[in-house]
Amino acid sequence: MQTASAKAHHVPLLAVEGLSIPLPAGLDRRFAVENLSCTLDAGEILCVVGESGSGKSMTANAIMGLLPGYLKPSAGRILFRGRDLLAMGEAELQRERGRSIAMVFQEPLSALNPLMKVGDQIAEVMEVHGEGNAAERERRVLALLDYVGLPDPASLRHAYPFRLSGGQRQRVMIAMALALEPAMLIADEPTTALDVTTQAQILDLIRRIQRAKGMGVMFVTHDFGVVADIADRVVVMERGLVVEQGGADDVLNRPQHAYTRRLIAAVPHRETHEARPGSEGELLLDVRGLRKTYRSGGGLFSKPRVVDAVKDVSFTVRRGETLGIVGESGSGKSTLGRCLLKLTDVDGGEVRFRGQDVVPLSAGAFRPMRRHMQMVFQDPFASLNPRQTIGRILTAGPVANGIPRAAAEAKARELLALVGLDVSAFDRYPHEFSGGQRQRVGIARALALEPELLIADESVSALDVSVQAQVLELLQELQRRLDLAIIFITHDLRVAAQICDRIAVMYRGEIVELGPPEQVFDAPRHAYTQRLIAAIPGLHWDPRAAVA
Amino acid sequence: MKTLDFLFQRLVKAVLVVIGVVILNFLLIHLAPGDPAAVLAGEAGAGDEKFIAQLRAQFGLDQPLHWQLWTYLKGVLSGDLGFSYRNQVPVSRLILDRLPATLLLTASAFVFSLALGIVLGVAAAYRRGSVADSVVMTGALVFYATPLFWVALMAVLVFSIHLDWLPPFDMETIGAGYTGWARAADIAEHLVLPTVTLGMFFTAIYTRLTRASMLEVMGLDFVKTARAKGVPKGRIVRRHVLRNAILPVFTFASVQAGQLVGGAVLTETVFAWPGIGRLMFDALMQRDYPVLLGVFLVTATVVVIVNLVTDLLYRIVDPRIEAAG
């Protein structure tokens with residue numbers, strides 16, 4: 001009886017009831033968030049998952065009272081320990097923020113004040129809430145830095161954010177959030193900007209703290225792998241609406257709603273590779289002992305900083321084959337891609353394309369070969385000239401290479417169809433397209449010169465998971481039809497595993513392991529590869545089984 | 001890059017720049033039409049060829065140009081800026097006589113415009129979209145667009161002639177013979193109109209610059225972090241926004257500071273302020289080459305020094321700069 005009545009009077013830590021946030025008129029939908037209800041208990045991790053524009057971050061910001069001025073909730077309540085946050089004035093909210101509710105953001109560099117020492121930024125939370133005196137706050141800062149696993153707190157608290165690595169910055173953000181031991185932590189994509197091994201550490205840290213302090217954590221993410229790693233309960237959002245919520249096991253392994261099933265099906269995963277004819281294709285690219293060193297600074301009173309970005313790298317690529325180059329930020333993978341296309345100087349080694357070493361070639365001598373080697377860039381927003389029509393973008397390369405304009409235009413229309421875009425796109429401008437569509441344009445642009453080798457540098461990293469799946473599929477299909485060789489540079493092992501015939505793992509400028517996915521994943525030889533694979537989020541969850 | 005390396009490199013460059021400026025100015029002046037000997041002889045009332053040739057020989061103007069340049073450069077490097085044709089005194093003494101007056105005026109205008117501009121810009125950004133914001137921004141636009149000499153003339157008309165609040169010209173009351181504090185107060189009174197006139201234009205620029213920069217920084221992520229920490233708005237503006245927003249204002253202030261010595265020609269002329277600006281104007285009219293060159297040299301040196309100081313200040317305000325090199 002007693003437990004039943006206790007349950008009846010149970011007040012959740014957070015209860016969002018019927019929250020609606022209208023969007024300004026003229027946008028593609030009326031509500032950023034519509035009639036959202038969910039609860040969060042102390043000692044629980046609730047993952048809010050969805051693609052970009054689903055309203056998940058908006059929900060998090062609404063709870064913190066941090067919505068931009070032009071957005072105001074029109075209906076609903078946000079009850080924190082039974083008190084409605086939406087009914088509170090700014091002064092009252094200010095007392096709650098930082099003290100009982102804290103927030104961690106996606107981009108730890110921009111989320112920290114660049115001109116303020118990290119120790120001072122942590123101490124400020126206590127200062128503005130009138131906690132302790134200066135000496136006590138200083139001791140607390142040291143304890144917090146130590147608690148979140150940062151080395152040498154005594155000197156680190158005097159460092160400026162730009163001196164720290166991405167993972168260290170996020171640890172500082174977490175230390176800041178924990179300063180006053182809040183009852184609830186809202187984490188908005190806190191690991192999205194981090195490398196996979198760092199992500200694993202930060203996820204582990206958040207989970208550990210949450211258990212130790214009995215905090216309620218609302219964790220916003222787009223990554224189902226992360227959800228599988230840390231969620232107790234899951235809310236799935238699509239275009240402002242909650243389409244499904246429930247226990248993590250239920251949502252992940254027995255998804256009910258069609259959208260959830262689609263999202264889970266799109267999670268990149270290892271494909272069982274039937275022996276593809278790749279290994280028999282003609283040898284197209286043969287890279288031997290490639291080296292690239294960056295030098296910066298230096299003068300009469302100081303030594304220059306020397307970074308070996310690419311150290312003695314050798315590999316081959318055959319026609320019809322996809323070689324994945326996998327590594328974390330700073331591993332040299334993007335520099336390698338730029339070296340292959342001679343977009344940067346090379347300090348040594350050979351790049352043999354169809355038997356000819358392109359390294360010693362002058363820019364003029366190499367120009368005719370450029371059309372055979374093309375690149376698809378990471379950012380589909382920055383890599384297309386906003387002032388040119390798609391048609392202009394697609395024909396500029398061929399026209400520069402001497403193809404008559406009419407022929408180039410006819411070809412461009414074909415390419416649009418080939419990458420799954422409507423031919424009407426020809427006369428439109430990049431801003432009229434979504435990220436995924438723009439990346440299709442980027443691929444069409446690279447294909448316009450009928451290259452034999454395509455270098456895709458993080459080409460799907462900026463895309464939502466469902467769009468990412470489509471673009472990957474497109475690349476694979478184009479490869480089959482055009483017998484392309486693809487070098488696929490990525491930080492995401494799951495993506496590499498899905499589409500690559502062979503994977504090269506880069507670490508500090510070197511290829512530490514090279515082999516087919518089965519070998520790299522199931523029997524990694526190098527210690528770094530082992531660490532990398534162990535850090536893949538949701539490693540023990542099989543999305544294919546969930547939607548089988 | 002280490003600060004020591006930086007300083008060394010910049011000092012070498014600074015010396016080269018100043019030497020380059022001296023050579024360029026020397027050649028430009030001699031390209032311009034007009035002969036100082038002719039002007040001097042004309043004023044002396046004796047325009048005959050013999051006298052002019054004698055004057056030329058006396059000032060070395062009959063030597064080949066490259067020889068004159070070499071002589072001048074040698075002099076500059078040993079601290080000798082030459083001799084004024086007209087005033088018959090060393091150029092360095094003329095400049096040192098006038099420098100305090102100019103520094104007083106331009107430094108006052110600099111401090112006035114920087115302080116007022118930042119305060120107004122912050123206030124306008126803080127109350128973005130309010131009536132106060134509109135008033136400040138409209139005022140800034142008016143002063144930005146109005147020519148300096150007109151503002152100066154109107155200020156004299158209104159505040160000196162009609163209202164008789166402030167003296168219309170010169171640096172102190174002639175013949176009053178004030179000493180000590182009384183003299184300081186007298187100079188201060190004379191300083192108000194030229195300072196405000198000269199400062200209004202820059203105030204307008206600083207106001208607009210500060211406001212725009214503040215608004216940009218207010219939209220950055222770390223400001224949101226500060227709000228999420230429960231930091232009150234006033235403190236966010238002071239501690240987080242202002243320091244980050246001030247860098248572009250600094251950049252422009254260094255441009256203005258570079259003009260401290262030579263930039264107040266108009267204001268000094270209108271208010272009859274006995275400074276470098278007027279010295280330069282008079283020297284130009286009289287083809288007094290050594291004085292002109294001396295003023296240019298001092299101005300260029302100040303610009304170079306101010307730039308150097310600004311770059312060093314940047315490194316103090318923004319710790320990221322030293323790392324970037």
# chains A, B, ... in the order shown; residues from 1 in each chain; ligands from 1

call {"tool": "interface_residues", "arguments": {"of": "chain A", "to": "chain B", "cutoff": "10 Å", "atoms": "only C-alpha atoms", "output": "count of residues only"}}
result
60

call {"tool": "select_by_dssp", "arguments": {"residues": "region 57-224 of chain B", "states": "helix (DSSP H, G or I)", "output": "number ranges by chain"}}
result
B: 57-59, 65-77, 91-126, 131-145, 148-162, 180-218, 221-224

call {"tool": "atom_distance", "arguments": {"atom1": "CA of Tyr507 (chain A)", "atom2": "CA of Leu284 (chain A)"}}
result
24.7 Å

call {"tool": "residues_around", "arguments": {"residues": "region 151-161 of chain B", "least_positions_apart": "3", "cutoff": "12 Å", "atoms": "only C-alpha atoms", "output": "PyMOL selection string"}}
result
chain B and resi 142-148+164-169+189-190+192-201+264+266-272

call {"tool": "closest_residue", "arguments": {"among": "A:Met237, A:Met58, A:Leu290, A:Leu285", "to": "Lys72 (chain A)", "atoms": "only C-alpha atoms"}}
result
A:Met58

call {"tool": "residues_around", "arguments": {"residues": "region 511-516 of chain A", "least_positions_apart": "4", "cutoff": "6 Å", "atoms": "only C-alpha atoms", "output": "NGL selection string"}}
result
:A and (501-506)

call {"tool": "residues_around", "arguments": {"residues": "region 312-315 of chain A", "least_positions_apart": "4", "cutoff": "9 Å", "atoms": "only C-alpha atoms", "output": "PDB file with all heavy atoms, in the first residue's frame"}}
result
ATOM      1  N   LEU A 285      46.443   3.457 -58.932  1.00  0.00           N
ATOM      2  CA  LEU A 285      47.247   4.381 -58.134  1.00  0.00           C
ATOM      3  C   LEU A 285      48.211   3.579 -57.269  1.00  0.00           C
ATOM      4  O   LEU A 285      47.814   2.610 -56.615  1.00  0.00           O
ATOM      5  CB  LEU A 285      46.322   5.219 -57.233  1.00  0.00           C
ATOM      6  CG  LEU A 285      46.983   6.361 -56.476  1.00  0.00           C
ATOM      7  CD1 LEU A 285      47.320   7.513 -57.401  1.00  0.00           C
ATOM      8  CD2 LEU A 285      46.063   6.856 -55.361  1.00  0.00           C
ATOM      9  N   ASP A 286      49.474   3.980 -57.313  1.00  0.00           N
ATOM     10  CA  ASP A 286      50.494   3.278 -56.535  1.00  0.00           C
ATOM     11  C   ASP A 286      51.294   4.335 -55.773  1.00  0.00           C
ATOM     12  O   ASP A 286      52.065   5.085 -56.361  1.00  0.00           O
ATOM     13  CB  ASP A 286      51.392   2.474 -57.495  1.00  0.00           C
ATOM     14  CG  ASP A 286      52.384   1.599 -56.741  1.00  0.00           C
ATOM     15  OD1 ASP A 286      52.351   1.632 -55.489  1.00  0.00           O
ATOM     16  OD2 ASP A 286      53.175   0.902 -57.390  1.00  0.00           O
ATOM     17  N   VAL A 287      51.065   4.382 -54.477  1.00  0.00           N
ATOM     18  CA  VAL A 287      51.713   5.405 -53.652  1.00  0.00           C
ATOM     19  C   VAL A 287      52.848   4.758 -52.880  1.00  0.00           C
ATOM     20  O   VAL A 287      52.659   3.725 -52.236  1.00  0.00           O
ATOM     21  CB  VAL A 287      50.695   6.034 -52.673  1.00  0.00           C
ATOM     22  CG1 VAL A 287      51.380   7.057 -51.766  1.00  0.00           C
ATOM     23  CG2 VAL A 287      49.559   6.685 -53.439  1.00  0.00           C
ATOM     24  N   ARG A 288      54.035   5.343 -52.972  1.00  0.00           N
ATOM     25  CA  ARG A 288      55.190   4.747 -52.287  1.00  0.00           C
ATOM     26  C   ARG A 288      55.939   5.782 -51.469  1.00  0.00           C
ATOM     27  O   ARG A 288      56.395   6.799 -51.996  1.00  0.00           O
ATOM     28  CB  ARG A 288      56.161   4.164 -53.306  1.00  0.00           C
ATOM     29  CG  ARG A 288      55.585   2.988 -54.058  1.00  0.00           C
ATOM     30  CD  ARG A 288      56.598   2.450 -55.033  1.00  0.00           C
ATOM     31  NE  ARG A 288      55.930   1.604 -56.021  1.00  0.00           N
ATOM     32  CZ  ARG A 288      56.499   1.213 -57.156  1.00  0.00           C
ATOM     33  NH1 ARG A 288      57.725   1.601 -57.433  1.00  0.00           N
ATOM     34  NH2 ARG A 288      55.843   0.450 -57.999  1.00  0.00           N
ATOM     35  N   GLY A 289      56.068   5.505 -50.196  1.00  0.00           N
ATOM     36  CA  GLY A 289      56.907   6.322 -49.302  1.00  0.00           C
ATOM     37  C   GLY A 289      56.554   7.798 -49.302  1.00  0.00           C
ATOM     38  O   GLY A 289      57.428   8.661 -49.221  1.00  0.00           O
ATOM     39  N   LEU A 290      55.269   8.126 -49.357  1.00  0.00           N
ATOM     40  CA  LEU A 290      54.849   9.534 -49.438  1.00  0.00           C
ATOM     41  C   LEU A 290      55.107  10.241 -48.105  1.00  0.00           C
ATOM     42  O   LEU A 290      54.811   9.710 -47.034  1.00  0.00           O
ATOM     43  CB  LEU A 290      53.364   9.604 -49.789  1.00  0.00           C
ATOM     44  CG  LEU A 290      52.829  10.976 -50.179  1.00  0.00           C
ATOM     45  CD1 LEU A 290      53.440  11.410 -51.494  1.00  0.00           C
ATOM     46  CD2 LEU A 290      51.318  10.942 -50.281  1.00  0.00           C
ATOM     47  N   ARG A 291      55.679  11.452 -48.200  1.00  0.00           N
ATOM     48  CA  ARG A 291      55.970  12.221 -46.995  1.00  0.00           C
ATOM     49  C   ARG A 291      55.505  13.658 -47.152  1.00  0.00           C
ATOM     50  O   ARG A 291      55.601  14.228 -48.228  1.00  0.00           O
ATOM     51  CB  ARG A 291      57.485  12.212 -46.707  1.00  0.00           C
ATOM     52  CG  ARG A 291      57.960  10.938 -46.000  1.00  0.00           C
ATOM     53  CD  ARG A 291      59.440  11.013 -45.698  1.00  0.00           C
ATOM     54  NE  ARG A 291      60.227  11.011 -46.908  1.00  0.00           N
ATOM     55  CZ  ARG A 291      61.029  12.003 -47.266  1.00  0.00           C
ATOM     56  NH1 ARG A 291      61.123  13.064 -46.518  1.00  0.00           N
ATOM     57  NH2 ARG A 291      61.715  11.933 -48.376  1.00  0.00           N
ATOM     58  N   LYS A 292      55.015  14.214 -46.060  1.00  0.00           N
ATOM     59  CA  LYS A 292      54.628  15.641 -46.054  1.00  0.00           C
ATOM     60  C   LYS A 292      54.874  16.194 -44.655  1.00  0.00           C
ATOM     61  O   LYS A 292      54.402  15.638 -43.669  1.00  0.00           O
ATOM     62  CB  LYS A 292      53.139  15.786 -46.422  1.00  0.00           C
ATOM     63  CG  LYS A 292      52.587  17.174 -46.217  1.00  0.00           C
ATOM     64  CD  LYS A 292      53.125  18.146 -47.228  1.00  0.00           C
ATOM     65  CE  LYS A 292      52.743  19.575 -46.882  1.00  0.00           C
ATOM     66  NZ  LYS A 292      53.396  20.541 -47.753  1.00  0.00           N
ATOM     67  N   LEU A 336      46.879  13.659 -46.606  1.00  0.00           N
ATOM     68  CA  LEU A 336      47.193  12.616 -47.573  1.00  0.00           C
ATOM     69  C   LEU A 336      46.359  12.806 -48.842  1.00  0.00           C
ATOM     70  O   LEU A 336      46.882  12.775 -49.962  1.00  0.00           O
ATOM     71  CB  LEU A 336      46.936  11.237 -46.947  1.00  0.00           C
ATOM     72  CG  LEU A 336      47.131  10.033 -47.857  1.00  0.00           C
ATOM     73  CD1 LEU A 336      48.551   9.963 -48.364  1.00  0.00           C
ATOM     74  CD2 LEU A 336      46.782   8.746 -47.108  1.00  0.00           C
ATOM     75  N   GLY A 348      58.308  14.150 -50.320  1.00  0.00           N
ATOM     76  CA  GLY A 348      59.077  12.986 -50.745  1.00  0.00           C
ATOM     77  C   GLY A 348      58.164  11.837 -51.116  1.00  0.00           C
ATOM     78  O   GLY A 348      56.975  11.832 -50.779  1.00  0.00           O
ATOM     79  N   GLY A 349      58.702  10.855 -51.831  1.00  0.00           N
ATOM     80  CA  GLY A 349      57.925   9.680 -52.206  1.00  0.00           C
ATOM     81  C   GLY A 349      57.359   9.797 -53.602  1.00  0.00           C
ATOM     82  O   GLY A 349      57.584  10.781 -54.316  1.00  0.00           O
ATOM     83  N   GLU A 350      56.623   8.772 -54.005  1.00  0.00           N
ATOM     84  CA  GLU A 350      56.060   8.730 -55.353  1.00  0.00           C
ATOM     85  C   GLU A 350      54.550   8.554 -55.293  1.00  0.00           C
ATOM     86  O   GLU A 350      54.029   7.883 -54.409  1.00  0.00           O
ATOM     87  CB  GLU A 350      56.629   7.523 -56.128  1.00  0.00           C
ATOM     88  CG  GLU A 350      58.117   7.611 -56.396  1.00  0.00           C
ATOM     89  CD  GLU A 350      58.612   6.347 -57.069  1.00  0.00           C
ATOM     90  OE1 GLU A 350      57.773   5.477 -57.423  1.00  0.00           O
ATOM     91  OE2 GLU A 350      59.836   6.227 -57.230  1.00  0.00           O
ATOM     92  N   ALA A 504      42.600   1.406 -44.565  1.00  0.00           N
ATOM     93  CA  ALA A 504      43.905   1.780 -44.035  1.00  0.00           C
ATOM     94  C   ALA A 504      43.663   2.630 -42.799  1.00  0.00           C
ATOM     95  O   ALA A 504      42.924   3.615 -42.853  1.00  0.00           O
ATOM     96  CB  ALA A 504      44.700   2.564 -45.075  1.00  0.00           C
ATOM     97  N   GLY A 509      50.140  10.247 -38.833  1.00  0.00           N
ATOM     98  CA  GLY A 509      50.833  10.355 -40.109  1.00  0.00           C
ATOM     99  C   GLY A 509      51.230   9.047 -40.750  1.00  0.00           C
ATOM    100  O   GLY A 509      51.723   9.025 -41.867  1.00  0.00           O
ATOM    101  N   GLU A 510      51.035   7.938 -40.034  1.00  0.00           N
ATOM    102  CA  GLU A 510      51.430   6.653 -40.610  1.00  0.00           C
ATOM    103  C   GLU A 510      50.214   5.752 -40.803  1.00  0.00           C
ATOM    104  O   GLU A 510      49.236   5.857 -40.066  1.00  0.00           O
ATOM    105  CB  GLU A 510      52.412   5.942 -39.669  1.00  0.00           C
ATOM    106  CG  GLU A 510      53.775   6.566 -39.621  1.00  0.00           C
ATOM    107  CD  GLU A 510      54.663   5.881 -38.595  1.00  0.00           C
ATOM    108  OE1 GLU A 510      54.595   6.270 -37.414  1.00  0.00           O
ATOM    109  OE2 GLU A 510      55.389   4.956 -38.984  1.00  0.00           O
ATOM    110  N   ILE A 511      50.328   4.858 -41.793  1.00  0.00           N
ATOM    111  CA  ILE A 511      49.321   3.809 -41.909  1.00  0.00           C
ATOM    112  C   ILE A 511      49.765   2.674 -40.993  1.00  0.00           C
ATOM    113  O   ILE A 511      50.801   2.055 -41.220  1.00  0.00           O
ATOM    114  CB  ILE A 511      49.191   3.322 -43.367  1.00  0.00           C
ATOM    115  CG1 ILE A 511      48.579   4.435 -44.219  1.00  0.00           C
ATOM    116  CG2 ILE A 511      48.343   2.060 -43.418  1.00  0.00           C
ATOM    117  CD1 ILE A 511      48.334   4.047 -45.656  1.00  0.00           C
ATOM    118  N   LEU A 514      46.542  -2.041 -42.584  1.00  0.00           N
ATOM    119  CA  LEU A 514      45.885  -1.985 -43.885  1.00  0.00           C
ATOM    120  C   LEU A 514      45.387  -3.381 -44.222  1.00  0.00           C
ATOM    121  O   LEU A 514      46.165  -4.336 -44.246  1.00  0.00           O
ATOM    122  CB  LEU A 514      46.876  -1.503 -44.951  1.00  0.00           C
ATOM    123  CG  LEU A 514      46.400  -1.447 -46.395  1.00  0.00           C
ATOM    124  CD1 LEU A 514      45.266  -0.459 -46.553  1.00  0.00           C
ATOM    125  CD2 LEU A 514      47.534  -1.064 -47.326  1.00  0.00           C
TER     126      LEU A 514
END

call {"tool": "residues_around", "arguments": {"residues": "region 304-310 of chain B", "least_positions_apart": "5", "cutoff": "8 Å", "atoms": "only C-alpha atoms", "output": "PyMOL selection string"}}
result
chain B and resi 10+14+17-18+250-251+254-255+257-258

call {"tool": "atom_distance", "arguments": {"atom1": "CA of Ile325 (chain A)", "atom2": "CA of Ile487 (chain A)"}}
result
7.1 Å

call {"tool": "select_by_dssp", "arguments": {"residues": "region 88-273 of chain A", "states": "strand (DSSP E or B)", "output": "ChimeraX atom specification"}}
result
/A:97,101-104,184-188,216-221,233-238,241-247

call {"tool": "atom_distance", "arguments": {"atom1": "CA of Glu477 (chain A)", "atom2": "CA of Ala407 (chain A)"}}
result
24.4 Å

call {"tool": "closest_residue", "arguments": {"among": "A:Ser459, A:Thr529, A:Gln519, A:Thr221", "to": "Glu51 (chain A)", "atoms": "only C-alpha atoms"}}
result
A:Thr221

call {"tool": "closest_residue", "arguments": {"among": "A:Leu194, A:Leu415, A:Val148, A:Leu185", "to": "Asp492 (chain A)", "atoms": "only C-alpha atoms"}}
result
A:Leu194

call {"tool": "closest_residue", "arguments": {"among": "A:Gly130, A:Ile206, A:Leu532, A:Gly119", "to": "Leu142 (chain A)", "atoms": "only C-alpha atoms"}}
result
A:Gly119
